[in-house]
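Chemist: Below: one structure in structure tokens.
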Amino acid sequence: MTSRASPDDADRSGRTTTARVRSGRADSRTEPTGSRTKPGEGNVGEEAEMTLRTRLSDLGVVLVALAVLLSFLGAAATGPAAATLAGGDATAAGGDGIAPAIATDDETEPGGAARQEIRGSFSRPMYTGTAGDPVEIRHVVGASGNDSAYLLIGGNRLTDSGGTVGFVDVVKASGGSTTINTRLLGTNESDVDSCSASDVNCDLEFRNEAGDVIAEDLANLSGATGATGADGLARPLNPQRYRLAVTNGTFVVRDSGAVDPVKVAAESDLVLRKPAFNDSVEVFTTADSEVTTDGEGGTEPLGALRESGLDRTAVTKGDRVVLGFESTGIWGALSYFAQQRSAGSIEDKSQIDHRALADLLDAEEGVSLRVRQTNSNGNERTAELDLANADPDDVTLYLAEGETLERGDSDRAPSRFYLAIDTSDGGPFTADPEPGDEFSVEFALEGTEGERYAFRDGQGPPAAFEPESAADDRLSEQYPYHGSADGRVSAEASFSVRERYLRYDHATADGDLLVEADNETITGSTSILPVTELSATIVRDDDGEPSRTESELTIEDGNFSVDSGLTNVTPGTEASYRLYQGQSLQDSRRIIVVDDAGDPARLRLSNETTTNLTVTRGESLSNLSATVRNVGQLQTRERLSLDVDDGAVVEERHLTVEPGASKAETFGEIDAELEPGEYPYELAIDGHSVNGTLTVEADPSVTRVDEPGAGEEGSAATDGGNGGEGESDGDDEAGGDGSDGGGANEGPSKGGDDEVPGDAPATFLPFGIGTRETFGGTVLVGATYLLGHWV
């Protein structure tokens, strides 16, 4: 493309150039230094000069027309971005336009060599990306002869304030694209051929609006004017609009500080957005790499981890927990540290050295990640992820495209990363995780309101990862793209470690497995992931030929099943069970075939159990019998209970009964110390019960005597009772009026404190005088009171 030239452009061969702008086109006069007109040659010289001027004017018209034509063609190729060419930055919305660049003639190299034209175009009128991430600028850039094509980045006026963008860089460009790490651009670690670097040779020239050369490199440009943004970044390249232009290296520095290329082959814009952050963490578990790769090792794709895993936060000991985080604005820094680890660019990688992330976390970049045990007690060492010292076999770092955050059309980095962390002993934690341990996960972008990330002061491009906070204890880490009003943001999650197990649905207290005769499947729950290869061998030895069944153990949704091969087998049949992982024996048990796996050892009370019993008060319950039969296929021990009248008499004992056997249990040690009457009772064992009735009769040989003062007059009572009723009324009196002798007793009774023994019948004399036993037989101890004398 042919660019417009300025007649004020100084010729580097030493000629003086004067610029005139007439009717919108440049008129140039060139006079060799020190030339003079000889006497007598004035007319000839003037005529020759006029002829030369005429020819040059005609040639100028042709060149201008050709330039206009090529300009239109270039504008059509590059879109709106190329339309402004050398006229400076586009007019800001609501602002004043910027004066066009100074037009110059085609320049010559030192020694008289002509500077050739540059050519270029952009694939987009505007490129969008994220500040802090790599951005790809696709273009066509070329130059002929000894000339170089340069890519101007920035230097434009801000569209919202009238000031400058505060950054300018000139990069050597060629080929079909330039990938810019926006985190490194403008620092001493820039990954493009920036003319600010001492090892990059550039031919640049900066002039002021008067046409005077004020600098020939970027370093001196900062000394010439402080408004260009070339004097070093205060912080990493922030979200702004930055002008892009393909130019030959000659620029005009406006009084405002905006930098305009003198010759432009194409123009576009780079718009950097503010980074975004997802405050959620993805958590899932996956099997050990030995399982997912069949022991062959090698690289595992992220998809394989998902296929062999489950979306759950409980990770089985020895498996891996996978943590996923999504953020933008961190990938330029991560790319830098990956390259330092010789891991190459992250743009085309799905898996990189995890130590690159550890380096990023150790840098003063305001990015933090912590995985730490939360339920350790005071005597235990807290387990914490030690990423920097972790073995690559224990931690894998995956890169992937995010799903929630908006990206620019020119972003060339992932926006999500995953850590696959092994929980085996000797892994990446400071202490081995154990079943029952709980862990918290926190990924954060650090920041303090009122503070901002800033580079250290220094000469030239700033050090990329040496912020002020690294040298000032009063400043905390700050994420480079937080504004002064932004604070810390974080994403949190948790996971736990649990034991590696198979739990069978039907097993005895001794560990024997139960299989139903009409359903030979062995089932249970497990913490083992489905990809684990487990198989079972079942062998049955009986009177016939032994049978052998080998079955794969199937795992799905935390449950497992295996076919035992014991179809239509008689209940009570036994077999052996062995579980293998590969060729390694994991478990060995006995199998018992039963009718009901849920209730294989059933004890029942048979019809021989007593349901009605009559006893005399105080008699034992020896005739109360509970006959218990084991109707299951397992020997079992259960509790037999007797409850009479809802707790009046309670007895419990345990019985062990063999399969198919019966056992009778009696209660001879229990006496029926109940008042005569009928009492309901219940015998129960293993959820089965029998109800009966206990009848207690009075003992006819027993008379009960109440305590003195009991009742109305303290009379004696008998169990035998009057008139054959079986029991005397508690209110009946021996003498009719409460006295020992009966009749009309008027004096105190002698020997009134003596009682009739409770186990012998009382004897009464006809006239109401009682007797007491003595060594000599029966002695009269009472007397009759007649006429004032005792007889």
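Residues are named by chain letter and number: chains run A, B, ... in the order of the structure tokens, numbers start at 1 in each chain, and ligands are numbered from 1 in the order shown.
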Quick one: DSSP strand (DSSP E or B) residues in stretch 563-725 of chain A, as a PyMOL selection string?
Modeler: chain A and resi 563+574-581+584-594+603-605+612-616+620-630+636-644+649-657+662-671+677-685+688-697+705+716
Chemist: Would you kindly return, as a ChimeraX atom specification, each protein, DNA or RNA residue with an atom no farther than 10 Å from any atom of A:Leu218, considering only C-alpha atoms and excluding same-chain residues fewer than 3 positions away?
Modeler: /A:168-170,194-197,202,204-206,215,221-224,230-231,460
Chemist: Print the selection's residues with C-alpha atoms to a file, as an mmCIF file, in the first residue's frame.
Modeler:
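Saved to out-v4.cif:
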```cif
data_model
loop_
_atom_site.group_PDB
_atom_site.id
_atom_site.type_symbol
_atom_site.label_atom_id
_atom_site.label_comp_id
_atom_site.auth_asym_id
_atom_site.auth_seq_id
_atom_site.Cartn_x
_atom_site.Cartn_y
_atom_site.Cartn_z
ATOM 1 C CA VAL A 168 2.669 3.087 23.725
ATOM 2 C CA ASP A 169 4.752 0.240 22.363
ATOM 3 C CA VAL A 170 6.212 -0.448 18.948
ATOM 4 C CA SER A 194 9.260 -4.838 21.473
ATOM 5 C CA CYS A 195 11.482 -1.967 20.406
ATOM 6 C CA SER A 196 11.818 -1.116 24.105
ATOM 7 C CA ALA A 197 14.004 -4.215 24.594
ATOM 8 C CA CYS A 202 14.500 -0.993 15.541
ATOM 9 C CA LEU A 204 12.345 4.497 14.786
ATOM 10 C CA GLU A 205 11.894 8.226 14.639
ATOM 11 C CA PHE A 206 9.591 10.428 16.696
ATOM 12 C CA ALA A 215 13.556 10.732 19.923
ATOM 13 C CA LEU A 221 10.744 9.129 23.985
ATOM 14 C CA SER A 222 9.792 9.094 27.651
ATOM 15 C CA GLY A 223 12.334 11.841 28.311
ATOM 16 C CA ALA A 224 11.043 13.969 25.487
ATOM 17 C CA ALA A 230 6.355 5.445 27.159
ATOM 18 C CA ASP A 231 8.031 6.141 30.489
ATOM 19 C CA GLY A 460 12.981 1.376 31.710
#
```
Chemist: Check the DSSP output for the backbone and give back, as a ChimeraX atom specification, the residues of stretch 232-347 of chain A in alpha helix (DSSP H).
Modeler: /A:289-292,302-307,331-340
Chemist: Grab the residues selected above and save them as a compact mmCIF listing (two decimals), in the first residue's frame with C-alpha atoms.
Modeler:
```txt
# COMPACT_ATOMS: atom_id res chain seq x y z
CA SER A 289 -4.38 -43.39 37.21
CA GLU A 290 -3.25 -47.01 37.37
CA VAL A 291 -6.89 -48.01 37.02
CA THR A 292 -7.88 -45.56 34.28
CA LEU A 302 -9.71 -34.72 31.10
CA GLY A 303 -12.63 -36.52 29.48
CA ALA A 304 -11.26 -39.87 30.66
CA LEU A 305 -11.24 -38.59 34.24
CA ARG A 306 -14.92 -37.71 33.96
CA GLU A 307 -15.84 -41.04 32.41
CA TRP A 331 -3.51 -16.89 32.02
CA GLY A 332 -0.82 -14.50 30.87
CA ALA A 333 1.01 -14.94 34.16
CA LEU A 334 0.46 -18.72 34.16
CA SER A 335 1.75 -18.88 30.58
CA TYR A 336 4.91 -17.08 31.63
CA PHE A 337 5.61 -19.47 34.51
CA ALA A 338 4.82 -22.47 32.30
CA GLN A 339 7.44 -21.30 29.82
CA GLN A 340 9.90 -20.86 32.66
```
Chemist: Enter the distance from atom CA of A:Gly427 to atom CA of A:Ala390, in Å, rounded to one decimal.
Modeler: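 Interatomic distance, atom CA of A:Gly427 to atom CA of A:Ala390: 7.3 Å.
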Chemist: Write out as a list in words the residues lying within 7 Å of A:Asp671, counting only C-alpha atoms and excluding same-chain residues fewer than 4 positions away.
Modeler: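 Near neighbours after the sequence-gap exclusion: Gly618, Glu619, Ser620 and Leu621 of chain A.
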Chemist: Residues within 7 Å of A:Leu310, please, as a ChimeraX atom specification. Count only C-alpha atoms; anything in the same chain fewer than 3 positions from it doesn't count.
Modeler: /A:284-286
Chemist: Mind dumping the selected residues with N, CA and C atoms as a short mmCIF file (atom, residue, chain, number, x, y, z; two decimals), in the first residue's frame?
Modeler:
```
data_model
loop_
_atom_site.label_atom_id
_atom_site.label_comp_id
_atom_site.auth_asym_id
_atom_site.auth_seq_id
_atom_site.Cartn_x
_atom_site.Cartn_y
_atom_site.Cartn_z
N PHE A 284 -15.36 -33.39 41.60
CA PHE A 284 -15.76 -34.76 41.33
C PHE A 284 -14.59 -35.68 41.67
N THR A 285 -14.87 -36.97 41.75
CA THR A 285 -13.83 -37.93 42.09
C THR A 285 -13.58 -38.85 40.90
N THR A 286 -12.38 -39.36 40.82
CA THR A 286 -12.03 -40.28 39.75
C THR A 286 -11.05 -41.31 40.30
#
```
